>>> print(open('entry_18.cif').read())   # mmCIF, C-alpha atoms
data_data
#
loop_
_atom_site.label_atom_id
_atom_site.label_comp_id
_atom_site.auth_asym_id
_atom_site.auth_seq_id
_atom_site.Cartn_x
_atom_site.Cartn_y
_atom_site.Cartn_z
CA MET A 605 -8.26 3.83 -6.76
CA LEU A 606 -7.39 2.26 -3.42
CA ALA A 607 -3.89 3.72 -3.70
CA LEU A 608 -5.33 7.20 -4.24
CA LEU A 609 -7.58 6.81 -1.20
CA LEU A 610 -4.64 5.71 0.95
CA LEU A 611 -2.40 8.50 -0.34
CA GLU A 612 -5.08 11.13 0.34
CA ASP A 613 -5.64 9.65 3.79
CA SER A 614 -1.91 9.85 4.56
CA LEU A 615 -1.95 13.59 3.92
CA ALA A 616 -5.20 14.13 5.83
CA SER A 617 -3.90 12.26 8.88
CA LYS A 618 -0.65 14.20 9.19
CA PRO A 619 -0.45 15.90 12.59
CA SER A 620 -1.84 19.42 12.60
CA THR A 621 -3.06 22.00 15.02
CA ASN A 622 -6.65 21.25 14.07
CA PRO A 623 -8.60 20.89 17.39
CA SER A 624 -10.63 17.99 15.98
CA THR A 625 -7.46 15.86 15.76
CA THR A 626 -5.99 16.62 19.19
CA ASN A 627 -6.38 15.21 22.64
CA GLY A 628 -6.07 17.47 25.64
CA ASP A 629 -4.07 16.28 28.61
CA SER A 630 -4.29 17.30 32.25
CA ASN A 631 -1.79 20.15 31.71
CA GLY A 632 -4.09 21.87 29.24
CA SER A 633 -1.77 21.18 26.31
CA SER A 634 -2.81 19.19 23.31
CA THR A 635 -0.95 16.59 21.28
CA PRO A 636 -1.72 15.60 17.70
CA HIS A 637 -3.75 12.40 17.45
CA PRO A 638 -4.35 11.41 13.82
CA PRO A 639 -7.16 8.98 13.05
CA PRO A 640 -6.15 5.39 12.25
CA PRO A 641 -5.81 4.42 8.59
CA PRO A 642 -8.97 3.05 6.94
CA PHE A 643 -7.26 -0.34 6.34
CA GLN A 644 -4.50 -2.35 7.98
CA LEU A 645 -3.26 -4.05 4.78
CA ALA A 646 -3.56 -3.41 1.04
CA ILE A 647 -3.16 -6.16 -1.55
CA PHE A 648 -2.61 -4.96 -5.11
CA LEU A 649 -3.06 -7.47 -7.94
CA SER A 650 -1.27 -5.99 -10.97
CA GLY A 651 -1.81 -2.63 -9.32
CA SER A 652 -0.64 0.62 -10.82
CA LEU A 653 -0.54 4.25 -9.86
CA TYR A 654 -2.78 6.73 -11.66
CA PRO A 655 -1.32 10.07 -12.83
CA LEU A 656 -3.75 11.73 -10.39
CA ALA A 657 -1.41 10.56 -7.63
CA THR A 658 1.47 12.80 -8.77
CA PRO A 659 0.38 15.91 -6.81
CA LEU A 660 -0.21 13.77 -3.71
CA LEU A 661 3.28 12.27 -3.94
CA LYS A 662 4.80 15.72 -4.45
CA ALA A 663 2.99 16.86 -1.29
CA GLY A 664 4.70 14.05 0.65
CA ALA A 665 1.97 11.41 0.66
CA LYS A 666 3.11 7.84 1.31
CA ILE A 667 1.12 4.66 1.86
CA SER A 668 2.21 3.68 5.35
CA ILE A 669 0.29 0.45 5.92
CA PRO A 670 1.74 -2.93 4.92
CA THR A 671 1.21 -3.75 1.24
CA THR A 672 1.47 -6.84 -0.95
CA HIS A 673 2.08 -6.25 -4.66
CA VAL A 674 1.38 -9.14 -7.06
CA TRP A 675 2.68 -8.84 -10.63
CA GLY A 676 2.79 -11.16 -13.60
CA GLY A 677 6.49 -10.60 -14.27
CA LYS A 678 7.75 -9.25 -17.59
CA ARG A 679 4.49 -10.22 -19.32
CA ASP A 680 2.41 -7.94 -17.07
CA TYR A 681 1.97 -4.51 -18.64
CA VAL A 682 2.07 -2.74 -15.24
CA THR A 683 5.73 -3.74 -14.97
CA VAL A 684 6.48 -2.93 -18.61
CA ASN A 685 5.19 0.67 -18.31
CA GLY A 686 6.58 1.25 -14.80
CA ALA A 687 3.19 1.92 -13.19
CA GLY A 688 3.45 -1.10 -10.90
CA GLU A 689 6.85 0.00 -9.65
CA ALA A 690 5.51 3.53 -9.11
CA LEU A 691 2.80 2.13 -6.86
CA ARG A 692 5.33 -0.02 -5.01
CA ASP A 693 7.56 3.03 -4.47
CA ALA A 694 4.61 5.05 -3.12
CA CYS A 695 4.46 2.57 -0.21
CA VAL A 696 6.82 2.47 2.75
CA ALA A 697 9.65 0.03 2.05
CA GLU A 698 9.57 -1.74 5.41
CA GLY A 699 5.95 -2.81 4.92
CA ARG A 700 6.13 -4.01 1.30
CA VAL A 701 5.99 -7.52 -0.10
CA VAL A 702 6.40 -7.99 -3.86
CA VAL A 703 5.40 -11.24 -5.59
CA GLU A 704 6.14 -11.95 -9.27
CA HIS A 705 4.36 -15.01 -10.62
CA GLY A 706 5.26 -14.93 -14.32
CA GLU A 707 1.79 -15.58 -15.75
CA GLY A 708 1.16 -12.08 -17.09
CA HIS A 709 -1.67 -9.70 -16.27
CA VAL A 710 -3.93 -12.33 -14.67
CA VAL A 711 -4.51 -13.84 -11.26
CA PRO A 712 -2.23 -16.88 -11.44
CA ARG A 713 -3.72 -20.33 -11.86
CA GLY A 714 -0.61 -22.49 -11.95
CA GLU A 715 0.42 -24.14 -8.70
CA GLY A 716 3.71 -22.23 -8.43
CA GLY A 717 2.04 -18.88 -9.03
CA VAL A 718 -0.79 -19.57 -6.60
CA ARG A 719 1.68 -20.66 -3.91
CA ALA A 720 3.77 -17.52 -4.46
CA VAL A 721 0.73 -15.26 -4.14
CA VAL A 722 -0.55 -17.05 -1.03
CA GLY A 723 2.91 -16.76 0.54
CA GLY A 724 3.05 -13.03 -0.27
CA VAL A 725 -0.40 -12.41 1.17
CA GLU A 726 0.54 -14.35 4.33
CA ARG A 727 3.68 -12.20 4.75
CA GLY A 728 1.58 -9.06 4.30
CA VAL A 729 -0.95 -10.23 6.89
CA ARG A 730 1.84 -11.00 9.38
CA ARG A 731 3.28 -7.52 8.85
CA ALA A 732 -0.14 -5.98 9.40
CA ILE A 733 -0.77 -7.98 12.57
CA TYR A 734 2.68 -7.79 14.12
CA LYS A 735 3.79 -4.45 12.58
CA SER A 736 7.05 -5.99 11.43
#
>>> encode(input="entry_18.cif", output="structure tokens")
Amino acid sequence: MLALLLLEDSLASKPSTNPSTTNGDSNGSSTPHPPPPPFQLAIFLSGSLYPLATPLLKAGAKISIPTTHVWGGKRDYVTVNGAGEALRDACVAEGRVVVEHGEGHVVPRGEGGVRAVVGGVERGVRRAIYKS
């Protein structure tokens, strides 16, 4: 559901000639000024993309904020059915972090999985803060 919200927001914030989204300058002209996104980072734990997103993607929607995607490897059904990859691909490539922990469709509990997730979240936070 978060992905749908962010995709809808990306279409709504595209520059337009709507006076409510413009700032006038001293020359009397106006430049588009879209509102900021509702979040600075999205973290998806075994996240997938709903079929309701298809029309949004066809209209050019893209999640432009940094994202961290956490999957349980080949045992996680969101990677088996391709829905996790669809969500990943709906996000801008330069802002994505993907973590595979291998414990299936659960939040990992093993030390290696927990460390991998923490590292992925830290990379996502750095990208959100430093826009890199």
>>> resolve_selection(input="entry_18.cif", expression="the PyMOL selection byres ((chain A and resi 645) around 9)", output="list of chain:residue names")
A:Phe643, A:Gln644, A:Ala646, A:Ile647, A:Ile669, A:Pro670, A:Thr671, A:Thr672, A:Gly728, A:Val729, A:Arg731, A:Ala732
>>> closest_atom_pairs(input="entry_18.cif", of="range 677-699 of chain A", to="range 711-726 of chain A", cutoff="12 Å", atoms="only C-alpha atoms", output="Markdown table")
| residue | atom | partner | partner_atom | distance |
| --- | --- | --- | --- | --- |
| A:Gly677 | CA | A:Gly717 | CA | 10.8 |
| A:Asp680 | CA | A:Val711 | CA | 10.8 |
| A:Gly699 | CA | A:Gly724 | CA | 11.8 |
>>> closest_residue(input="entry_18.cif", among="A:Tyr654, A:Val710, A:Ile667, A:Ala697", to="Tyr681 in chain A", atoms="only C-alpha atoms")
A:Val710
>>> residues_around(input="entry_18.cif", residues="range 660-666 of chain A", least_positions_apart="6", cutoff="7 Å", atoms="only C-alpha atoms", output="PyMOL selection string")
chain A and resi 611-612+614-615+694-696
>>> resolve_selection(input="entry_18.cif", expression="the PyMOL selection byres ((chain A and resi 639) around 8)", output="list in words")
Ser617, Thr625, His637, Pro638, Pro640 and Pro641 of chain A
>>> residues_around(input="entry_18.cif", residues="Val684 in chain A", least_positions_apart="3", cutoff="12 Å", atoms="all atoms listed in the file", output="MDAnalysis selection string")
chainID A and resid 650 652 675:681 687:690 708:709
>>> atom_distance(input="entry_18.cif", atom1="CA of Ala657 in chain A", atom2="CA of Val703 in chain A")
22.9 Å
>>> atom_distance(input="entry_18.cif", atom1="CA of Pro659 in chain A", atom2="CA of Glu704 in chain A")
28.6 Å
>>> atom_distance(input="entry_18.cif", atom1="CA of Leu609 in chain A", atom2="CA of Phe648 in chain A")
13.4 Å
>>> closest_residue(input="entry_18.cif", among="A:Arg700, A:His705, A:Arg692, A:Leu606", to="Lys735 in chain A", atoms="all atoms listed in the file")
A:Arg700
>>> closest_residue(input="entry_18.cif", among="A:Ser668, A:Pro655, A:Asn685, A:Val674", to="Glu698 in chain A", atoms="all atoms listed in the file")
A:Ser668
